[in-house]
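Trainee: Structure: run.cif, mmCIF, C-alpha atoms.
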```
data_entry
loop_
_atom_site.label_atom_id
_atom_site.label_comp_id
_atom_site.auth_asym_id
_atom_site.auth_seq_id
_atom_site.Cartn_x
_atom_site.Cartn_y
_atom_site.Cartn_z
CA MET A 20 67.44 168.91 120.68
CA LYS A 21 66.74 166.08 123.10
CA HIS A 22 69.18 163.16 122.99
CA VAL A 23 67.70 159.77 123.83
CA PHE A 24 69.53 156.46 123.62
CA ALA A 25 67.99 153.02 123.14
CA MET A 26 69.79 150.10 124.75
CA VAL A 27 70.93 146.85 123.17
CA SER A 28 69.48 144.63 125.85
CA LYS A 29 72.07 141.84 125.90
CA LYS A 30 75.26 143.81 125.39
CA LYS A 31 74.31 146.97 127.30
CA ALA A 32 75.82 149.05 124.52
CA ARG A 33 74.02 152.08 123.21
CA LEU A 34 72.25 151.56 119.93
CA ILE A 35 71.75 154.96 118.36
CA ALA A 36 69.93 155.87 115.22
CA ALA A 37 72.31 157.14 112.60
CA GLY A 38 70.38 160.29 111.86
CA LEU A 39 67.65 162.64 112.98
CA LEU A 40 66.46 162.39 116.57
CA ALA A 41 63.10 160.79 117.07
CA VAL A 42 61.33 163.10 119.50
CA SER A 43 59.05 160.22 120.58
CA ALA A 44 60.67 158.01 123.19
CA ALA A 45 58.96 154.98 121.64
CA SER A 46 60.79 155.43 118.36
CA PHE A 47 64.37 154.84 117.30
CA SER A 48 66.46 157.68 118.65
CA GLY A 49 69.98 159.03 118.55
CA VAL A 50 72.24 161.94 117.74
CA ALA A 51 70.88 164.67 115.51
CA ALA A 52 72.72 165.87 112.46
CA LEU A 53 72.29 169.61 112.08
CA PRO A 54 71.26 170.85 108.62
CA GLN A 55 73.86 172.78 106.64
CA PRO A 56 73.58 174.61 103.32
CA VAL A 57 75.02 173.00 100.22
CA SER A 58 78.06 175.16 99.48
CA ALA A 59 79.34 176.34 96.12
CA ALA A 60 82.51 174.38 96.87
CA ALA A 61 80.45 171.19 97.10
CA SER A 62 78.90 171.88 93.69
CA THR A 63 82.35 172.50 92.22
CA ALA A 64 83.65 169.26 93.75
CA ALA A 65 80.74 167.32 92.22
CA ALA A 66 81.50 168.73 88.79
CA GLN A 67 85.19 167.92 89.17
CA ASN A 68 84.38 164.38 90.26
CA ALA A 69 82.19 163.86 87.20
CA ALA A 70 84.97 165.07 84.93
CA ASN A 71 87.56 162.86 86.59
CA GLU A 72 85.37 159.76 86.22
CA ALA A 73 85.83 159.94 82.46
CA ASN A 74 89.59 159.46 82.86
CA LEU A 75 89.64 156.59 85.31
CA SER A 76 91.88 153.64 84.59
CA GLU A 77 90.40 150.16 84.79
CA ALA A 78 92.25 149.54 88.05
CA ARG A 79 90.81 152.68 89.69
CA ASN A 80 87.27 152.11 88.44
CA THR A 81 86.47 149.81 91.34
CA PRO A 82 83.04 148.43 92.35
CA VAL A 83 82.86 151.16 94.99
CA VAL A 84 83.37 153.85 92.36
CA ARG A 85 80.78 152.31 90.07
CA ALA A 86 78.27 151.86 92.91
CA ALA A 87 78.71 155.47 94.03
CA LYS A 88 78.20 156.70 90.48
CA SER A 89 75.09 154.55 90.01
CA VAL A 90 73.32 155.10 93.35
CA GLY A 91 74.69 158.47 94.48
CA PRO A 92 72.32 160.62 92.37
CA ALA A 93 69.33 158.86 93.98
CA ILE A 94 70.38 159.71 97.55
CA VAL A 95 68.66 162.75 99.07
CA GLY A 96 68.88 164.76 102.25
CA ILE A 97 65.72 165.08 104.36
CA THR A 98 65.46 168.01 106.74
CA ASN A 99 62.83 167.52 109.42
CA LYS A 100 61.41 170.65 111.01
CA ALA A 101 59.74 169.02 113.98
CA VAL A 102 58.05 170.03 117.20
CA ALA A 103 59.35 168.66 120.51
CA ARG A 104 58.81 169.46 124.18
CA ASP A 105 61.37 171.16 126.44
CA TRP A 106 61.95 170.41 130.12
CA PHE A 107 58.96 172.58 131.01
CA ASN A 108 56.71 170.77 128.47
CA ASN A 109 56.65 173.79 126.18
CA PRO A 110 56.59 173.14 122.41
CA VAL A 111 59.86 173.98 120.66
CA GLU A 112 60.83 173.66 117.02
CA THR A 113 63.78 171.42 116.20
CA GLU A 114 65.67 170.61 113.02
CA GLY A 115 67.70 167.63 111.97
CA VAL A 116 68.84 165.94 108.79
CA GLY A 117 68.65 162.35 107.63
CA SER A 118 68.95 160.64 104.28
CA GLY A 119 66.60 158.99 101.80
CA VAL A 120 66.66 156.85 98.66
CA ILE A 121 64.60 157.66 95.55
CA PHE A 122 63.04 154.40 94.34
CA ARG A 123 60.54 155.78 91.82
CA LYS A 124 61.26 158.47 89.25
CA ASP A 125 57.99 160.26 90.07
CA GLY A 126 59.36 161.33 93.43
CA TYR A 127 58.84 158.50 95.93
CA ILE A 128 61.57 158.17 98.56
CA ILE A 129 62.39 155.54 101.19
CA THR A 130 63.71 156.75 104.54
CA ASN A 131 63.58 155.89 108.25
CA ASN A 132 60.57 156.53 110.44
CA HIS A 133 62.77 158.28 113.00
CA VAL A 134 63.98 160.68 110.29
CA VAL A 135 60.46 162.00 109.72
CA ALA A 136 58.96 161.49 113.20
CA ASN A 137 56.81 164.38 114.45
CA ALA A 138 57.61 166.42 111.35
CA LYS A 139 56.00 169.82 111.01
CA GLU A 140 57.66 170.27 107.63
CA LEU A 141 59.92 168.10 105.45
CA ILE A 142 62.45 169.56 103.04
CA VAL A 143 64.10 167.21 100.53
CA SER A 144 67.50 168.15 99.09
CA LEU A 145 68.26 166.43 95.79
CA ALA A 146 71.75 165.52 94.62
CA ASP A 147 71.43 168.04 91.76
CA GLY A 148 71.08 170.92 94.23
CA ARG A 149 67.30 171.38 94.15
CA THR A 150 65.26 171.54 97.35
CA LEU A 151 61.62 170.46 97.36
CA LYS A 152 58.90 170.12 99.96
CA GLY A 153 58.28 166.55 101.02
CA LYS A 154 54.91 164.96 101.72
CA LEU A 155 54.69 162.06 104.16
CA ILE A 156 52.95 159.08 102.53
CA GLY A 157 53.18 156.60 105.39
CA THR A 158 55.28 155.40 108.30
CA ASP A 159 55.90 152.17 110.18
CA GLU A 160 57.45 152.58 113.60
CA LEU A 161 57.95 148.84 114.11
CA THR A 162 60.41 148.51 111.21
CA ASP A 163 61.58 152.15 111.36
CA LEU A 164 60.58 152.83 107.74
CA ALA A 165 58.73 155.64 105.99
CA VAL A 166 57.87 156.84 102.48
CA VAL A 167 58.11 160.50 101.45
CA LYS A 168 56.92 162.04 98.15
CA VAL A 169 58.18 165.11 96.31
CA ASP A 170 56.46 166.80 93.39
CA ALA A 171 58.95 166.00 90.63
CA ASN A 172 59.38 163.65 87.67
CA ASN A 173 62.18 161.88 85.83
CA LEU A 174 64.30 161.70 88.97
CA PRO A 175 67.27 159.33 89.19
CA THR A 176 66.37 156.11 90.97
CA ALA A 177 68.31 153.43 92.81
CA LYS A 178 68.01 149.78 91.83
CA LEU A 179 66.75 147.66 94.72
CA GLY A 180 68.55 144.33 95.10
CA ASP A 181 67.81 141.06 96.91
CA SER A 182 68.98 141.00 100.54
CA ASP A 183 68.31 137.25 100.78
CA LYS A 184 71.26 136.65 98.43
CA ILE A 185 73.97 138.64 100.21
CA VAL A 186 76.83 136.86 101.97
CA VAL A 187 79.08 137.71 104.88
CA GLY A 188 82.33 139.31 103.75
CA GLU A 189 81.15 140.79 100.47
CA PRO A 190 81.68 144.53 99.91
CA ALA A 191 79.17 146.95 101.40
CA ILE A 192 78.98 150.65 100.50
CA ALA A 193 77.05 153.19 102.60
CA ILE A 194 75.87 156.41 100.93
CA GLY A 195 74.20 159.23 102.84
CA ASN A 196 74.62 162.57 104.60
CA PRO A 197 76.68 162.10 107.78
CA MET A 198 76.57 165.17 110.01
CA GLY A 199 74.22 167.04 107.67
CA LEU A 200 74.01 168.43 104.17
CA GLU A 201 77.50 169.91 104.27
CA PHE A 202 78.65 166.30 103.77
CA GLN A 203 75.84 165.29 101.42
CA GLY A 204 76.40 162.15 99.37
CA SER A 205 79.32 160.84 101.42
CA VAL A 206 80.47 157.33 100.51
CA THR A 207 82.00 154.85 102.96
CA ALA A 208 82.95 151.25 102.28
CA GLY A 209 83.35 148.05 104.24
CA VAL A 210 81.90 144.57 104.22
CA ILE A 211 78.79 142.70 105.26
CA SER A 212 79.72 141.73 108.81
CA ALA A 213 76.74 139.53 109.65
CA LEU A 214 73.20 138.66 108.57
CA ASN A 215 69.96 138.48 110.56
CA ARG A 216 71.28 140.25 113.63
CA THR A 217 68.35 140.38 116.07
CA LEU A 218 68.29 143.49 118.23
CA ASP A 219 65.68 144.15 120.92
CA ILE A 220 64.62 147.78 121.16
CA SER A 221 61.65 148.92 123.27
CA ASP A 222 60.14 145.41 123.27
CA ARG A 223 60.59 145.15 119.50
CA SER A 224 62.81 142.57 117.83
CA LEU A 225 64.41 143.68 114.59
CA LYS A 226 66.43 141.56 112.17
CA LEU A 227 69.12 143.70 110.57
CA ILE A 228 72.21 143.51 108.37
CA GLN A 229 75.42 144.31 110.24
CA THR A 230 78.19 146.19 108.43
CA ASP A 231 81.48 147.88 109.27
CA ALA A 232 80.99 150.56 106.59
CA ALA A 233 81.04 153.82 108.55
CA ILE A 234 77.51 154.95 109.47
CA ASN A 235 77.21 158.24 111.33
CA PRO A 236 74.48 160.67 112.44
CA GLY A 237 72.75 161.81 109.25
CA ASN A 238 73.20 158.47 107.44
CA SER A 239 69.80 157.22 108.62
CA GLY A 240 67.55 156.42 105.67
CA GLY A 241 70.49 156.23 103.27
CA ALA A 242 71.52 153.26 101.17
CA LEU A 243 73.65 150.23 101.87
CA VAL A 244 74.80 149.09 98.44
CA ASN A 245 76.50 145.97 97.08
CA ALA A 246 79.30 145.82 94.52
CA ASP A 247 76.74 145.52 91.71
CA GLY A 248 75.31 148.93 92.58
CA GLU A 249 72.11 147.49 94.08
CA VAL A 250 70.58 148.77 97.32
CA ILE A 251 70.54 145.86 99.78
CA GLY A 252 69.61 147.78 102.93
CA ILE A 253 68.43 151.06 104.41
CA ASN A 254 70.89 152.32 107.03
CA SER A 255 69.25 152.78 110.40
CA ALA A 256 71.46 152.48 113.49
CA LYS A 257 74.87 151.90 115.00
CA VAL A 258 76.26 150.69 118.31
CA ALA A 259 77.81 153.53 120.30
CA ALA A 260 79.90 152.36 123.24
CA SER A 261 83.39 152.92 124.52
CA GLY A 262 85.85 150.75 122.59
CA VAL A 263 83.28 149.75 119.94
CA GLU A 264 83.86 150.67 116.31
CA GLY A 265 82.40 149.62 112.98
CA MET A 266 79.07 148.17 114.12
CA GLY A 267 76.38 149.67 111.91
CA PHE A 268 73.00 148.17 111.04
CA SER A 269 70.73 148.31 108.02
CA ILE A 270 67.17 147.16 107.39
CA PRO A 271 67.26 144.38 104.74
CA ILE A 272 65.87 145.64 101.44
CA ASN A 273 63.48 142.67 101.10
CA THR A 274 61.85 143.76 104.36
CA VAL A 275 61.81 147.32 103.02
CA LYS A 276 60.06 146.28 99.80
CA THR A 277 57.25 144.54 101.67
CA VAL A 278 56.71 147.42 104.10
CA VAL A 279 56.93 150.12 101.44
CA ALA A 280 54.33 148.35 99.29
CA GLU A 281 51.83 148.55 102.16
CA LEU A 282 52.76 152.13 103.01
CA MET A 283 52.13 153.11 99.39
CA ASP A 284 48.80 151.29 99.43
CA LYS A 285 47.42 152.15 102.88
CA GLY A 286 49.77 154.60 104.54
CA TYR A 287 50.42 152.03 107.27
CA VAL A 288 51.30 148.34 107.64
CA ALA A 289 48.43 146.00 108.55
CA ARG A 290 49.57 143.56 111.23
CA PRO A 291 47.70 140.96 113.28
CA TYR A 292 47.27 141.25 117.03
CA LEU A 293 45.87 139.26 119.96
CA GLY A 294 44.26 142.18 121.73
CA VAL A 295 45.89 141.69 125.14
CA SER A 296 48.15 143.72 127.41
CA VAL A 297 50.40 141.59 129.55
CA PHE A 298 52.81 141.73 132.48
CA ASP A 299 55.81 139.57 133.22
CA PRO A 300 57.45 139.84 136.69
CA GLU A 301 59.99 142.42 135.50
CA SER A 302 57.52 144.72 133.74
CA ALA A 303 55.03 144.39 136.61
CA ALA A 304 57.71 145.55 139.07
CA ARG A 305 58.25 148.71 137.04
CA TYR A 306 54.64 149.63 137.73
CA GLY A 307 54.83 148.76 141.42
CA TYR A 308 53.23 145.31 141.26
CA ILE A 309 54.56 141.98 142.50
CA LEU A 310 53.80 139.14 140.09
CA ASN A 311 54.51 135.68 141.46
CA ILE A 312 54.58 133.44 138.39
CA ASP A 313 57.34 131.17 137.16
CA LYS A 314 56.21 130.92 133.54
CA GLY A 315 53.94 132.78 131.18
CA VAL A 316 52.61 136.33 131.13
CA TYR A 317 49.71 137.78 133.09
CA ILE A 318 46.82 139.35 131.15
CA PHE A 319 45.95 142.61 132.91
CA ARG A 320 43.85 144.09 130.11
CA LEU A 321 41.98 142.92 127.00
CA THR A 322 40.71 144.95 124.07
CA LEU A 323 36.92 144.96 124.25
CA ASN A 324 35.59 142.74 121.45
CA GLY A 325 39.19 142.12 120.38
CA PRO A 326 40.49 138.73 119.21
CA ALA A 327 41.38 137.39 122.66
CA ASP A 328 38.15 138.68 124.19
CA LYS A 329 36.11 136.95 121.49
CA ALA A 330 38.03 133.71 122.12
CA GLY A 331 37.03 133.72 125.79
CA LEU A 332 40.25 134.86 127.45
CA GLN A 333 39.86 136.95 130.60
CA ARG A 334 41.78 139.42 132.71
CA GLY A 335 43.88 137.43 135.18
CA ASP A 336 44.55 134.53 132.81
CA ILE A 337 48.19 133.58 132.39
CA LEU A 338 49.28 133.00 128.80
CA LEU A 339 51.63 130.02 128.59
CA LYS A 340 51.90 129.32 124.86
CA VAL A 341 50.87 131.09 121.66
CA ASP A 342 51.02 129.14 118.41
CA GLY A 343 53.01 126.41 120.12
CA LYS A 344 55.67 128.81 121.43
CA GLU A 345 56.23 129.51 125.11
CA VAL A 346 55.63 133.15 126.03
CA ASN A 347 57.32 134.68 129.07
CA ASN A 348 57.43 138.39 128.12
CA VAL A 349 55.92 140.91 125.71
CA SER A 350 58.54 140.18 123.04
CA ASP A 351 57.67 136.48 123.12
CA VAL A 352 53.99 137.26 122.51
CA ARG A 353 54.83 139.49 119.55
CA ALA A 354 57.33 137.00 118.14
CA ALA A 355 54.70 134.25 118.23
CA ILE A 356 52.38 136.16 115.86
CA VAL A 357 54.77 138.35 113.85
CA ASN A 358 54.88 135.98 110.87
CA HIS A 359 51.12 135.46 110.79
CA LYS A 360 48.61 137.35 108.69
CA VAL A 361 45.34 139.02 109.58
CA GLY A 362 42.69 136.29 109.65
CA ASP A 363 45.04 133.49 110.72
CA SER A 364 44.06 131.36 113.71
CA VAL A 365 46.51 130.50 116.50
CA GLU A 366 46.22 128.10 119.39
CA VAL A 367 46.61 129.69 122.82
CA VAL A 368 47.38 127.71 125.99
CA TYR A 369 46.63 129.53 129.23
CA ASP A 370 46.23 129.01 132.95
CA ARG A 371 43.04 130.09 134.73
CA ASN A 372 42.92 129.60 138.48
CA GLY A 373 45.45 126.78 138.32
CA HIS A 374 43.78 124.92 135.46
CA LYS A 375 45.47 124.74 132.05
CA GLN A 376 43.13 125.39 129.13
CA THR A 377 43.36 125.82 125.37
CA THR A 378 41.48 128.07 122.95
CA THR A 379 41.82 129.28 119.37
CA VAL A 380 42.20 132.99 118.61
CA THR A 381 41.51 134.44 115.16
CA LEU A 382 43.95 137.29 114.62
CA GLU A 383 42.56 140.66 113.54
CA GLU A 384 44.17 143.78 112.12
CA THR A 385 45.96 145.86 114.73
CA PRO A 386 44.18 149.15 115.43
CA GLN A 387 46.51 152.04 114.69
CA ASP A 388 46.87 152.89 118.37
CA ASN A 389 47.76 149.29 119.29
CA THR A 390 51.13 147.54 119.12
CA LYS A 391 50.35 144.00 120.41
#
```
Show this structure as structure tokens.
Mentor:
Amino acid sequence: MKHVFAMVSKKKARLIAAGLLAVSAASFSGVAALPQPVSAAASTAAAQNAANEANLSEARNTPVVRAAKSVGPAIVGITNKAVARDWFNNPVETEGVGSGVIFRKDGYIITNNHVVANAKELIVSLADGRTLKGKLIGTDELTDLAVVKVDANNLPTAKLGDSDKIVVGEPAIAIGNPMGLEFQGSVTAGVISALNRTLDISDRSLKLIQTDAAINPGNSGGALVNADGEVIGINSAKVAASGVEGMGFSIPINTVKTVVAELMDKGYVARPYLGVSVFDPESAARYGYILNIDKGVYIFRLTLNGPADKAGLQRGDILLKVDGKEVNNVSDVRAAIVNHKVGDSVEVVYDRNGHKQTTTVTLEETPQDNTK
């Protein structure tokens, strides 16, 4: 299976997805966890653990134990039988395993987009030993989230918490399937290391929860849980670099709730866009162009009849500000509209032939093959 690593732009450390490889270079990517059968020994261990829980002293019945007991049954393994391309561009089948969280008893599961990317077939392994075929309901590459459905009822569910109320230093428990189904339902514990960590990946800015709870390949799509047994994040990535330990990242559950609601409704997330493709000096150089501008971004293409085109912008204009924010690269343009809704109007300041001008652009829904 192809191994691709995304870079943390400022620290130059490798940010790898903690689960199944995304076979699309535009997606989160990382080290694959190979699928393994659930052994009889694992079933015996689960039964023994359940029996032992009944005899725990108050001192041993810690928040971690209670959280694992509460959320563990709702954690699943997701095996992705995908199709990738080899060095000679021939299609080859690949397999990898990630994790998922059941959030509705009628079989709806939250996971990462990179866990299900390019799936030919999805197999969901429940904590009770059953394996069911999974159906993809919707995905969102921008936030690395997806919803999968299995045909089952009365499944155990995880309680979703409020990630806006968590604090640095409080306990954090990660539950998932590191290294595949042989280690299904593994529990690791640590603390919330930081909030609102902004990481830039492939021109996308993501705000994530940082934790030192061990997150490994296969944990992607699994739960980050607080001491009250509430899911506060969906585990997604870790920093992999020499001398770096304990830097895992989870998507805040409040972000997850919003995205999942749209995926359930539409199968995708409706986002606004300007309808422009832009170059800054660095990106232009990658394509063999020399762009001599000190500020702003150069419009080299507009979507026909898109928002910017309708507002009178032209190829060759230099965007200086969007919604009052200076824009000097693709990320700046996206950041200026990310919190807006379809139908909102934004003021755009641009330079045309040395003359600064202003116009108003009404944002429209991003076509599914557009990202800006």
Trainee: Can you tell me which residues surround stretch 242-258 of chain A at a distance of at most 7 Å, considering all atoms listed in the file, apart from same-chain residues fewer than 4 positions away, and format the answer as a ChimeraX atom specification?
Mentor: /A:32-37,82-83,85-86,89-90,120,131,177-182,190-195,234,238,266-272
Trainee: Output the residue selection produced by the PyMOL selection byres ((chain A and resi 323-331) around 8) on the file above, formatted as a list in words.
Mentor: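 This file, filtered by the PyMOL selection byres ((chain A and resi 323-331) around 8), leaves Tyr292, Leu293, Gly294, Val295, Leu321, Thr322, Leu332, Gln333, Thr378, Thr379, Val380, Thr381, Leu382 and Glu383 of chain A.
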Trainee: Please identify all polymer residues within 12 Å of A:Glu281, counting all atoms listed in the file, omitting same-chain residues fewer than 6 positions from it, and present them as JSON, numbers by chain.
Mentor: {"A": [156, 157, 158, 159, 164, 165, 166, 274, 275, 287, 288, 289, 290]}
Trainee: What gap, in Å, lies between atom CA of A:Val206 and atom CA of A:Ala232?
Mentor: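 For atom CA of A:Val206 relative to atom CA of A:Ala232, the distance reads 9.1 Å.
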Trainee: Written as a ChimeraX atom specification, what is the full residue list that the PyMOL selection byres ((chain A and resi 230) around 6) yields on the file shown?
Mentor: /A:210-212,229,231-232,267
Trainee: Rounded to one decimal, what separation in Å do you get between atom CA of A:Phe122 and atom CA of A:Ala87?
Mentor: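 One can read the atom CA of A:Phe122 to atom CA of A:Ala87 distance as 15.7 Å.
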Trainee: For A:Val346, list every protein, DNA or RNA residue within 8 Å, evaluated using only C-alpha atoms, and leave out those in the same chain fewer than 3 positions away; present the list as a PyMOL selection string.
Mentor: chain A and resi 314-316+338-341+349+351-352+355
Trainee: Using all atoms listed in the file, which of A:Gly148, A:Asn273, A:Gly96, A:His133 sits nearest A:Asp183?
Mentor: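 For A:Asp183, the nearest of the candidates is A:Asn273.
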Trainee: To one decimal place in Å, what is the distance between atom CA of A:Val143 and atom CA of A:Lys285?
Mentor: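 For atom CA of A:Val143 relative to atom CA of A:Lys285, the distance reads 22.6 Å.
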Trainee: I'd like to know which of A:Glu384, A:Asp170, A:Glu264, A:Asp342 is closest to A:Gly362, using only C-alpha atoms.
Mentor: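 Selected residue with least distance to A:Gly362: A:Glu384.
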Trainee: Check the smallest atom-to-atom distance from each of A:Pro291, A:Gly115, A:Pro175, A:Gly286 to A:Lys360 using all atoms listed in the file, then report the winner.
Mentor: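 Closest candidate: A:Pro291.
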Trainee: Determine the nearest neighbour of A:Gly209 from the options A:Ala233, A:Val357, A:Leu225, A:Val278, counting all atoms listed in the file.
Mentor: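 That would be A:Ala233, the residue with the smallest distance to A:Gly209.
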Trainee: Pick the closest to A:Leu145 from A:Lys100, A:Ile128, A:Asp163, A:Ala93: which is it, counting only C-alpha atoms?
Mentor: A:Ala93
Trainee: Pick the closest to A:Arg320 from A:Ile129, A:Ile337, A:Ser296, A:Ile228: which is it, counting all atoms listed in the file?
Mentor: A:Ser296
Trainee: Around the point (64.9, 164.7, 93.6) (coordinates from the file), which residues reach within 12 Å if we count only C-alpha atoms? Answer as JSON, numbers by chain.
Mentor: {"A": [91, 92, 93, 94, 95, 96, 97, 119, 120, 121, 122, 123, 124, 125, 126, 127, 128, 142, 143, 144, 145, 146, 147, 148, 149, 150, 151, 152, 153, 167, 168, 169, 170, 171, 172, 173, 174, 175, 176, 177]}
